[in-house]
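Colleague: Following this line is upload.cif, made up of mmCIF, C-alpha atoms:
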```cif
data_upload
#
loop_
_atom_site.label_atom_id
_atom_site.label_comp_id
_atom_site.auth_asym_id
_atom_site.auth_seq_id
_atom_site.Cartn_x
_atom_site.Cartn_y
_atom_site.Cartn_z
CA MET Z 1 -18.60 15.68 -16.73
CA ASN Z 2 -20.36 12.48 -15.59
CA ALA Z 3 -17.14 10.58 -16.31
CA ILE Z 4 -15.15 13.03 -14.17
CA LEU Z 5 -17.69 12.65 -11.35
CA MET Z 6 -17.40 8.85 -11.48
CA ILE Z 7 -13.60 9.01 -11.31
CA SER Z 8 -13.76 11.52 -8.44
CA VAL Z 9 -16.10 9.34 -6.36
CA SER Z 10 -13.87 6.34 -7.07
CA VAL Z 11 -10.81 8.28 -5.88
CA LEU Z 12 -12.56 9.29 -2.65
CA MET Z 13 -13.69 5.73 -1.89
CA GLN Z 14 -10.27 4.22 -2.53
CA ALA Z 15 -8.48 6.93 -0.56
CA ALA Z 16 -10.80 6.63 2.45
CA THR Z 17 -10.42 2.86 2.61
CA LEU Z 18 -6.71 2.52 1.83
CA GLY Z 19 -5.78 5.43 4.08
CA SER Z 20 -7.54 3.78 7.01
CA LEU Z 21 -5.66 0.51 6.37
CA THR Z 22 -2.12 1.95 6.37
CA GLY Z 23 0.10 0.02 8.79
CA ARG Z 24 -2.58 -2.59 9.47
CA LEU Z 25 -2.42 -4.88 6.42
CA THR Z 26 0.22 -7.61 6.18
CA PRO Z 27 1.46 -8.90 2.79
CA THR Z 28 -0.98 -11.79 3.22
CA GLY Z 29 -3.74 -9.30 4.00
CA SER Z 30 -2.99 -7.34 0.84
CA LEU Z 31 -3.24 -10.47 -1.27
CA ALA Z 32 -6.46 -11.49 0.49
CA LEU Z 33 -7.92 -8.01 -0.05
CA SER Z 34 -7.10 -8.25 -3.76
CA CYS Z 35 -8.49 -11.76 -4.11
CA ILE Z 36 -11.77 -10.98 -2.33
CA GLY Z 37 -12.36 -7.63 -4.03
CA PHE Z 38 -11.62 -8.79 -7.56
CA ALA Z 39 -13.45 -12.10 -7.21
CA ALA Z 40 -16.48 -10.23 -5.85
CA SER Z 41 -16.36 -7.93 -8.89
CA ALA Z 42 -16.33 -10.89 -11.25
CA VAL Z 43 -19.22 -12.63 -9.47
CA ILE Z 44 -21.41 -9.53 -9.01
CA PHE Z 45 -21.06 -8.08 -12.48
CA ASN Z 46 -21.33 -11.41 -14.27
CA ALA Z 47 -24.55 -11.91 -12.32
CA VAL Z 48 -25.72 -8.45 -13.40
CA LEU Z 49 -25.12 -9.40 -17.02
CA MET Z 50 -27.15 -12.59 -16.59
CA LEU Z 51 -29.99 -10.83 -14.76
CA ARG Z 52 -30.46 -8.27 -17.49
CA GLY Z 53 -32.64 -10.89 -19.08
CA ARG Z 54 -31.55 -10.44 -22.65
CA GLY Z 55 -32.33 -13.39 -24.87
CA LEU Z 56 -29.74 -15.10 -27.03
CA GLY Z 57 -30.81 -13.06 -30.05
CA GLY Z 58 -30.46 -9.84 -28.07
CA ARG Z 59 -26.92 -10.75 -27.07
CA ASP Z 60 -26.08 -11.61 -30.66
CA ARG Z 61 -27.41 -8.27 -31.89
CA HIS Z 62 -25.42 -6.50 -29.18
CA ARG Z 63 -22.23 -8.31 -30.20
CA ALA Z 64 -22.89 -7.57 -33.85
CA ARG Z 65 -22.70 -3.84 -33.12
CA ARG Z 66 -19.18 -4.22 -31.78
CA ARG Z 67 -16.06 -3.88 -33.81
CA SER Z 68 -13.77 -6.89 -33.96
CA GLY Z 69 -10.68 -7.05 -31.79
CA THR Z 70 -12.51 -6.79 -28.46
CA ALA Z 71 -11.48 -10.30 -27.37
CA ARG Z 72 -7.81 -9.41 -27.59
CA LEU Z 73 -8.43 -6.09 -25.86
CA THR Z 74 -10.20 -7.93 -23.02
CA LEU Z 75 -7.26 -10.33 -22.67
CA LEU Z 76 -4.87 -7.39 -22.58
CA MET Z 77 -7.11 -5.79 -19.94
CA ASN Z 78 -6.80 -8.93 -17.79
CA LEU Z 79 -3.00 -8.93 -18.05
CA LEU Z 80 -2.64 -5.22 -17.27
CA THR Z 81 -5.11 -5.44 -14.38
CA ALA Z 82 -3.20 -8.31 -12.77
CA VAL Z 83 0.17 -6.58 -13.11
CA THR Z 84 -1.13 -3.20 -11.94
CA PHE Z 85 -3.17 -4.13 -8.91
CA LEU Z 86 -1.09 -7.00 -7.56
CA SER Z 87 2.01 -4.78 -7.76
CA PHE Z 88 0.19 -1.98 -5.93
CA TYR Z 89 -1.37 -4.10 -3.19
CA LEU Z 90 1.90 -5.91 -2.48
CA ALA Z 91 3.64 -2.52 -2.26
CA ILE Z 92 1.24 -1.05 0.32
CA SER Z 93 2.09 -3.88 2.70
CA GLN Z 94 5.59 -2.36 2.92
CA ILE Z 95 5.06 1.40 2.47
CA PRO Z 96 2.23 3.85 3.33
CA SER Z 97 -0.72 3.88 0.95
CA ALA Z 98 -0.26 7.62 0.34
CA LEU Z 99 3.35 7.07 -0.75
CA ALA Z 100 2.39 4.20 -3.06
CA SER Z 101 -0.49 6.20 -4.57
CA THR Z 102 1.77 9.23 -5.05
CA VAL Z 103 4.38 7.40 -7.11
CA GLU Z 104 1.81 5.41 -9.11
CA THR Z 105 -0.34 8.38 -10.08
CA ALA Z 106 2.67 10.66 -10.68
CA MET Z 107 3.79 8.28 -13.42
CA GLY Z 108 0.31 8.10 -14.96
CA PRO Z 109 0.03 11.21 -17.19
CA VAL Z 110 3.58 10.82 -18.55
CA ALA Z 111 3.00 7.10 -19.14
CA VAL Z 112 -0.19 7.83 -21.11
CA LEU Z 113 1.66 10.32 -23.29
CA LEU Z 114 4.63 8.00 -23.88
CA ILE Z 115 2.50 4.94 -24.63
CA GLY Z 116 0.15 6.96 -26.83
CA ALA Z 117 3.04 8.58 -28.69
CA ALA Z 118 4.72 5.20 -29.27
CA ALA Z 119 1.50 3.68 -30.60
CA HIS Z 120 0.70 6.71 -32.73
CA ARG Z 121 4.34 7.37 -33.74
CA ARG Z 122 4.04 11.09 -33.00
CA ARG Z 123 5.51 13.28 -30.29
CA PRO Z 124 3.25 14.69 -27.57
CA THR Z 125 2.70 18.44 -27.58
CA GLN Z 126 5.14 20.45 -25.49
CA GLY Z 127 2.33 21.75 -23.29
CA ALA Z 128 0.96 18.28 -22.54
CA MET Z 129 4.40 16.86 -21.74
CA ALA Z 130 5.41 19.90 -19.63
CA GLY Z 131 2.26 19.61 -17.53
CA ALA Z 132 2.74 15.87 -17.07
CA LEU Z 133 6.41 16.29 -16.08
CA LEU Z 134 5.45 19.00 -13.57
CA LEU Z 135 3.05 16.55 -11.94
CA VAL Z 136 5.85 13.94 -11.86
CA LEU Z 137 8.26 16.35 -10.15
CA LEU Z 138 5.69 17.41 -7.57
CA GLY Z 139 4.72 13.77 -7.06
CA LEU Z 140 8.34 12.73 -6.47
CA ALA Z 141 8.80 15.62 -4.02
CA LEU Z 142 5.72 14.46 -2.17
CA ALA Z 143 7.01 10.87 -2.23
CA TRP Z 144 10.25 12.04 -0.61
CA ARG Z 145 8.31 13.75 2.18
CA LEU Z 146 6.26 10.61 2.77
CA ALA Z 147 9.08 8.06 2.43
CA PRO Z 148 9.82 6.23 5.70
CA VAL Z 149 13.49 5.44 4.91
CA ARG Z 150 14.93 8.59 6.51
CA SER Z 151 13.77 7.52 9.95
CA GLY Z 152 13.16 3.83 9.43
CA PRO Z 153 15.12 0.92 10.91
CA PRO Z 154 18.27 -0.45 9.22
CA GLY Z 155 17.35 -2.38 6.09
CA SER Z 156 14.13 -0.47 5.51
CA LEU Z 157 15.71 1.27 2.50
CA TRP Z 158 15.68 -1.91 0.43
CA PHE Z 159 12.09 -2.75 1.32
CA THR Z 160 11.07 0.78 0.38
CA VAL Z 161 13.00 0.74 -2.93
CA GLY Z 162 11.49 -2.63 -3.84
CA ALA Z 163 7.99 -1.40 -3.04
CA LEU Z 164 8.55 1.80 -5.03
CA LEU Z 165 9.67 -0.22 -8.07
CA LEU Z 166 6.42 -2.17 -7.80
CA VAL Z 167 4.33 1.01 -7.80
CA VAL Z 168 6.24 2.42 -10.80
CA VAL Z 169 5.25 -0.75 -12.65
CA ALA Z 170 1.70 -0.21 -11.39
CA GLY Z 171 1.77 3.38 -12.67
CA PHE Z 172 2.60 2.36 -16.22
CA GLY Z 173 0.08 -0.49 -15.98
CA ALA Z 174 -2.61 1.98 -14.91
CA ALA Z 175 -1.82 4.18 -17.91
CA GLY Z 176 -2.19 1.16 -20.17
CA LEU Z 177 -5.51 0.36 -18.51
CA ALA Z 178 -6.79 3.88 -19.23
CA LEU Z 179 -5.90 3.52 -22.91
CA VAL Z 180 -7.37 0.03 -23.29
CA SER Z 181 -10.53 1.02 -21.37
CA SER Z 182 -11.09 3.90 -23.75
CA ALA Z 183 -10.57 1.56 -26.71
CA LEU Z 184 -13.09 -0.94 -25.31
CA GLY Z 185 -15.65 1.82 -24.81
CA ARG Z 186 -15.26 2.99 -28.39
CA ALA Z 187 -15.48 -0.63 -29.59
CA GLY Z 188 -18.93 -1.00 -28.01
CA VAL Z 189 -18.12 -2.91 -24.79
CA GLY Z 190 -19.94 -1.45 -21.77
CA PRO Z 191 -18.38 -0.82 -18.31
CA THR Z 192 -20.45 -3.60 -16.67
CA GLU Z 193 -19.19 -6.23 -19.09
CA THR Z 194 -15.63 -4.93 -18.89
CA THR Z 195 -15.71 -5.11 -15.09
CA ALA Z 196 -17.18 -8.63 -15.24
CA ARG Z 197 -14.39 -9.85 -17.53
CA ARG Z 198 -11.22 -8.00 -16.52
CA PHE Z 199 -10.42 -9.43 -13.06
CA HIS Z 200 -10.25 -13.20 -13.66
CA LEU Z 201 -6.46 -13.38 -13.94
CA THR Z 202 -5.99 -11.03 -10.98
CA TYR Z 203 -7.99 -13.00 -8.41
CA ALA Z 204 -6.64 -16.28 -9.76
CA ILE Z 205 -3.01 -15.19 -9.26
CA ALA Z 206 -3.79 -13.64 -5.87
CA GLY Z 207 -5.50 -16.87 -4.81
CA LEU Z 208 -2.54 -18.99 -5.91
CA LEU Z 209 -0.13 -16.75 -4.01
CA LEU Z 210 -2.34 -17.06 -0.91
CA LEU Z 211 -2.30 -20.85 -1.21
CA ARG Z 212 1.47 -20.78 -1.57
CA ASP Z 213 1.82 -18.52 1.47
CA GLY Z 214 -0.33 -20.77 3.63
CA ASN Z 215 -0.53 -18.28 6.54
CA TRP Z 216 -4.10 -17.19 5.79
CA ALA Z 217 -4.91 -16.02 9.32
CA ASP Z 218 -2.15 -13.37 9.35
CA THR Z 219 -3.97 -10.64 7.43
CA GLY Z 220 -3.92 -7.91 10.07
CA LEU Z 221 -7.71 -7.51 9.96
CA HIS Z 222 -10.80 -9.38 11.11
CA PRO Z 223 -12.21 -11.41 8.18
CA ALA Z 224 -15.46 -9.44 8.10
CA LEU Z 225 -13.59 -6.13 8.12
CA LEU Z 226 -11.26 -7.41 5.40
CA ALA Z 227 -14.23 -8.38 3.22
CA GLY Z 228 -15.87 -4.98 3.74
CA ALA Z 229 -12.62 -3.20 2.94
CA ALA Z 230 -12.27 -5.25 -0.26
CA VAL Z 231 -15.71 -4.16 -1.44
CA CYS Z 232 -15.10 -0.50 -0.53
CA ALA Z 233 -11.54 -0.31 -1.89
CA VAL Z 234 -11.88 -2.56 -4.94
CA THR Z 235 -15.31 -3.76 -6.05
CA VAL Z 236 -17.41 -0.58 -6.00
CA PRO Z 237 -14.81 2.14 -6.75
CA LEU Z 238 -13.22 0.21 -9.60
CA PHE Z 239 -16.60 -0.18 -11.30
CA LEU Z 240 -17.14 3.59 -11.02
CA LEU Z 241 -13.61 4.13 -12.27
CA GLN Z 242 -14.25 1.81 -15.22
CA ILE Z 243 -17.26 3.90 -16.24
CA GLY Z 244 -15.13 7.04 -16.10
CA LEU Z 245 -12.19 5.50 -17.96
CA GLN Z 246 -14.38 4.36 -20.83
CA ARG Z 247 -16.00 7.78 -21.23
CA ALA Z 248 -13.15 10.20 -20.52
CA ASP Z 249 -9.96 11.04 -22.37
CA PRO Z 250 -7.15 8.79 -21.01
CA LEU Z 251 -4.95 11.79 -20.20
CA VAL Z 252 -7.82 13.43 -18.27
CA SER Z 253 -8.39 10.19 -16.35
CA MET Z 254 -4.77 9.78 -15.29
CA THR Z 255 -4.44 13.49 -14.43
CA LEU Z 256 -7.54 13.37 -12.24
CA LEU Z 257 -6.21 10.27 -10.45
CA THR Z 258 -3.26 12.33 -9.18
CA ALA Z 259 -5.65 13.56 -6.47
CA LEU Z 260 -5.68 10.05 -4.95
CA PRO Z 261 -2.44 10.25 -2.90
CA GLY Z 262 -3.31 13.59 -1.35
CA THR Z 263 -6.72 12.39 -0.30
CA THR Z 264 -5.20 9.16 1.04
CA TYR Z 265 -2.66 11.17 3.07
CA LEU Z 266 -5.39 13.29 4.64
CA VAL Z 267 -7.27 10.13 5.63
CA GLU Z 268 -4.08 8.70 7.15
CA VAL Z 269 -3.67 11.90 9.17
CA ALA Z 270 -7.29 11.64 10.33
CA TRP Z 271 -6.49 8.12 11.58
CA GLY Z 272 -3.60 9.41 13.69
CA GLY Z 273 -0.78 9.65 11.16
CA PRO Z 274 1.84 12.45 11.30
CA PHE Z 275 0.96 15.81 9.79
CA ASP Z 276 3.38 18.04 7.86
CA TRP Z 277 2.67 21.49 6.35
CA THR Z 278 5.10 21.01 3.44
CA THR Z 279 3.36 17.78 2.53
CA LEU Z 280 0.00 19.53 2.62
CA LEU Z 281 1.34 22.30 0.34
CA LEU Z 282 2.59 19.72 -2.19
CA ILE Z 283 -0.74 17.90 -2.06
CA THR Z 284 -2.64 21.14 -2.65
CA SER Z 285 -0.40 22.05 -5.59
CA ILE Z 286 -0.76 18.64 -7.25
CA THR Z 287 -4.52 18.61 -6.80
CA ALA Z 288 -4.92 22.17 -8.09
CA ILE Z 289 -2.85 21.44 -11.22
CA ALA Z 290 -4.72 18.18 -11.84
CA VAL Z 291 -8.13 19.82 -11.48
CA ALA Z 292 -7.14 22.77 -13.70
CA ARG Z 293 -5.82 20.47 -16.45
CA THR Z 294 -8.89 18.26 -16.23
CA LEU Z 295 -11.36 21.16 -16.44
CA ARG Z 296 -9.46 22.73 -19.34
CA LYS Z 297 -9.49 19.45 -21.24
CA ALA Z 298 -13.17 18.83 -20.44
CA ARG Z 299 -14.20 22.27 -21.77
CA ARG Z 300 -12.56 21.74 -25.15
CA PRO Z 301 -14.88 20.94 -28.06
CA ALA Z 302 -15.27 17.21 -28.61
CA GLU Z 303 -13.28 15.86 -31.54
CA PRO Z 304 -12.80 12.43 -33.08
CA ARG Z 305 -9.83 10.85 -31.40
CA GLY Z 306 -8.04 7.60 -30.86
CA PRO Z 307 -7.08 6.78 -27.28
CA ASP Z 308 -3.60 5.94 -28.45
CA ALA Z 309 -3.19 9.53 -29.66
CA ALA Z 310 -3.82 11.21 -26.32
CA GLY Z 311 -1.88 14.44 -26.00
CA THR Z 312 -0.06 14.15 -29.33
CA GLY Z 313 -1.70 17.26 -30.78
CA GLN Z 314 -1.43 15.78 -34.27
CA PRO Z 315 -4.05 14.92 -36.90
CA ARG Z 316 -5.43 11.44 -36.24
CA PRO Z 317 -5.59 8.75 -38.93
CA VAL Z 318 -9.17 8.06 -40.00
CA ARG Z 319 -11.07 4.99 -41.12
CA PRO Z 320 -12.97 4.92 -44.41
CA ASP Z 321 -16.15 5.83 -42.54
CA GLY Z 322 -14.52 9.01 -41.23
CA GLY Z 323 -14.01 7.86 -37.62
CA ALA Z 324 -10.68 8.10 -35.85
CA VAL Z 325 -8.38 5.08 -35.95
CA THR Z 326 -8.07 3.74 -32.43
CA LEU Z 327 -6.11 1.11 -30.55
CA ALA Z 328 -8.94 -1.34 -31.23
CA ASP Z 329 -8.43 -0.82 -34.98
CA ARG Z 330 -4.74 -1.58 -34.63
CA VAL Z 331 -5.54 -4.77 -32.71
CA GLU Z 332 -8.05 -5.77 -35.38
CA ARG Z 333 -5.49 -5.33 -38.15
CA SER Z 334 -2.78 -7.21 -36.25
CA SER Z 335 -5.10 -10.13 -35.52
CA GLY Z 336 -6.50 -10.30 -39.04
#
```
Would you mind writing the file's structure down as structure tokens?
Modeller:
Amino acid sequence: MNAILMISVSVLMQAATLGSLTGRLTPTGSLALSCIGFAASAVIFNAVLMLRGRGLGGRDRHRARRRSGTARLTLLMNLLTAVTFLSFYLAISQIPSALASTVETAMGPVAVLLIGAAAHRRRPTQGAMAGALLLVLLGLALAWRLAPVRSGPPGSLWFTVGALLLVVVAGFGAAGLALVSSALGRAGVGPTETTARRFHLTYAIAGLLLLRDGNWADTGLHPALLAGAAVCAVTVPLFLLQIGLQRADPLVSMTLLTALPGTTYLVEVAWGGPFDWTTLLLITSITAIAVARTLRKARRPAEPRGPDAAGTGQPRPVRPDGGAVTLADRVERSSG
């Protein structure tokens, strides 16, 4: 339950910050927010690792307890993080944060099942897939209610479609991040080290895009407010989320994250956005289903599992020592 609490607090922090920024961030501001937040994560958590005061021998003993393959998993984490978050933050400069969060998180549970089934070569259970598809349908209905194209100016349709394609990419990237995070946790890499290592490519690409843009002053926010928003929307909540992702089942993580768009919408309404009862009903339904699925999964007896087998309902392959074969094992074999 601690993992679920961490994910829940992360969702609330991201929703409160992103909801308050809807309509205020420019594309340049979104890139700057990404660059500041992710660079701050790298600096802070690398410093935490250094200040732990472990000697060289202590670090060597710690690394010896890990399984091999973590370097490739960390590289994959960097790639997925860059694709996921840059796609999302570019999208919210064109569409409301609640709409972007809705589409991204609606794709999450289905993406986890599809990726896990492809890696494990087994079909997901009918119950798991039916629940995930129900969340997708409700999420798409909510996206339609939130979409600005019905009343937007001419040409807004193409901007909205482009932004929605970006958040679909972000949704599948987030599912991949949940699976790789779980694999890193099982391989012996802690959340602090994962957070310290995973954002280098993201802030580097965001920084290069900012340099290319050249219009650094047009962010839509005061620099101090932008820096504070970056810490509250990126640095702190993503560390809490990383803890949850490495301790929870990937399907539980992505299901719980479906509460993000509804919370973001309510924050947008609190900041003067339009209110709609149908939208509120959809939000309540999505959140209730997500919470019910999460609690049901959390109450099940713990069992050896591989993160790539989430929701398959099939016997997992085992290693000679009796543990479940995971994505990290597959990486180890492919790199050997």
Colleague: Write out as a PyMOL selection string each polymer residue whose atoms come within 8 Å of Z:Ser101, counting only C-alpha atoms; drop sequence neighbours fewer than 2 positions from it.
Modeller: chain Z and resi 97-99+103-105+167+260-261+264
Colleague: Give me the residues near Z:Leu210 as a short mmCIF file (atom, residue, chain, number, x, y, z; two decimals) with C-alpha atoms, keeping the file's coordinate frame, where near means some atom within 10 Å (using all atoms listed in the file) and where sequence neighbours in that chain fewer than 3 positions away do not count.
Modeller:
```cif
data_model
loop_
_atom_site.label_atom_id
_atom_site.label_comp_id
_atom_site.auth_asym_id
_atom_site.auth_seq_id
_atom_site.Cartn_x
_atom_site.Cartn_y
_atom_site.Cartn_z
CA PRO Z 27 1.46 -8.90 2.79
CA THR Z 28 -0.98 -11.79 3.22
CA GLY Z 29 -3.74 -9.30 4.00
CA SER Z 30 -2.99 -7.34 0.84
CA LEU Z 31 -3.24 -10.47 -1.27
CA ALA Z 32 -6.46 -11.49 0.49
CA CYS Z 35 -8.49 -11.76 -4.11
CA ALA Z 204 -6.64 -16.28 -9.76
CA ILE Z 205 -3.01 -15.19 -9.26
CA ALA Z 206 -3.79 -13.64 -5.87
CA GLY Z 207 -5.50 -16.87 -4.81
CA ASP Z 213 1.82 -18.52 1.47
CA GLY Z 214 -0.33 -20.77 3.63
CA ASN Z 215 -0.53 -18.28 6.54
CA TRP Z 216 -4.10 -17.19 5.79
#
```
Colleague: What do you get, as a ChimeraX atom specification, if you spell out every residue that the PyMOL selection byres ((chain Z and resi 11) around 9) selects here?
Modeller: /Z:6-10,12-16,237,241,256-257,259-260,263-264
Colleague: Quick one: apply the PyMOL selection byres ((chain Z and resi 245-254) around 8) to the file and drop the selected residues here as a ChimeraX atom specification.
Modeller: /Z:3-4,7,105,108-109,112-113,175,178-179,181-186,191,241-244,255-258,293-294,297-298,307,310-311
Colleague: I'd like the contact shell of Z:Val180 - 7 Å cut-off, only C-alpha atoms, skipping same-chain residues fewer than 4 positions apart - returned as an NGL selection string.
Modeller: :Z and (73 or 77 or 176 or 184)
Colleague: Output the selection as a PDB file, in the frame of the given file - C-alpha atoms for each residue.
Modeller:
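Below you can see result33.pdb, which holds the result:
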```pdb
ATOM      1  CA  LEU Z  73      -8.430  -6.090 -25.860  1.00  0.00           C
ATOM      2  CA  MET Z  77      -7.110  -5.790 -19.940  1.00  0.00           C
ATOM      3  CA  GLY Z 176      -2.190   1.160 -20.170  1.00  0.00           C
ATOM      4  CA  LEU Z 184     -13.090  -0.940 -25.310  1.00  0.00           C
TER       5      LEU Z 184
END
```
Colleague: Quote the spacing between atom CA of Z:Val136 and atom CA of Z:Gly173 in Å to one decimal place.
Modeller: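 Separating atom CA of Z:Val136 from atom CA of Z:Gly173 is a distance of 16.1 Å.
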Colleague: Find the residue from Z:Leu25, Z:Ala187, Z:Ala292, Z:Leu166 that sits nearest to Z:Ser93; use only C-alpha atoms when measuring.
Modeller: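 Distance minimum relative to Z:Ser93 lands on Z:Leu25.
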Colleague: I'd like to see the residues matched by the PyMOL selection byres ((chain Z and resi 45) around 8) on this file, and ideally I'd get them as a PyMOL selection string.
Modeller: chain Z and resi 41-44+46-49+192-193+195-196
Colleague: Print the selection's residues with C-alpha atoms to a file, as a PDB file, keeping the file's coordinate frame.
Modeller:
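In the end it all went to part-v9.pdb:
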```pdb
ATOM      1  CA  SER Z  41     -16.360  -7.930  -8.890  1.00  0.00           C
ATOM      2  CA  ALA Z  42     -16.330 -10.890 -11.250  1.00  0.00           C
ATOM      3  CA  VAL Z  43     -19.220 -12.630  -9.470  1.00  0.00           C
ATOM      4  CA  ILE Z  44     -21.410  -9.530  -9.010  1.00  0.00           C
ATOM      5  CA  ASN Z  46     -21.330 -11.410 -14.270  1.00  0.00           C
ATOM      6  CA  ALA Z  47     -24.550 -11.910 -12.320  1.00  0.00           C
ATOM      7  CA  VAL Z  48     -25.720  -8.450 -13.400  1.00  0.00           C
ATOM      8  CA  LEU Z  49     -25.120  -9.400 -17.020  1.00  0.00           C
ATOM      9  CA  THR Z 192     -20.450  -3.600 -16.670  1.00  0.00           C
ATOM     10  CA  GLU Z 193     -19.190  -6.230 -19.090  1.00  0.00           C
ATOM     11  CA  THR Z 195     -15.710  -5.110 -15.090  1.00  0.00           C
ATOM     12  CA  ALA Z 196     -17.180  -8.630 -15.240  1.00  0.00           C
TER      13      ALA Z 196
END
```
Colleague: Take atom CA of Z:Val234 and atom CA of Z:Thr70 and report the distance between them in Å, one decimal.
Modeller: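 Atom-to-atom, atom CA of Z:Val234 and atom CA of Z:Thr70 are spaced 23.9 Å apart.
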Colleague: Just give me the gap between atom CA of Z:Ala130 and atom CA of Z:Pro96 in Å, one decimal is fine.
Modeller: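 Computing it gives 28.2 Å between the two atoms.
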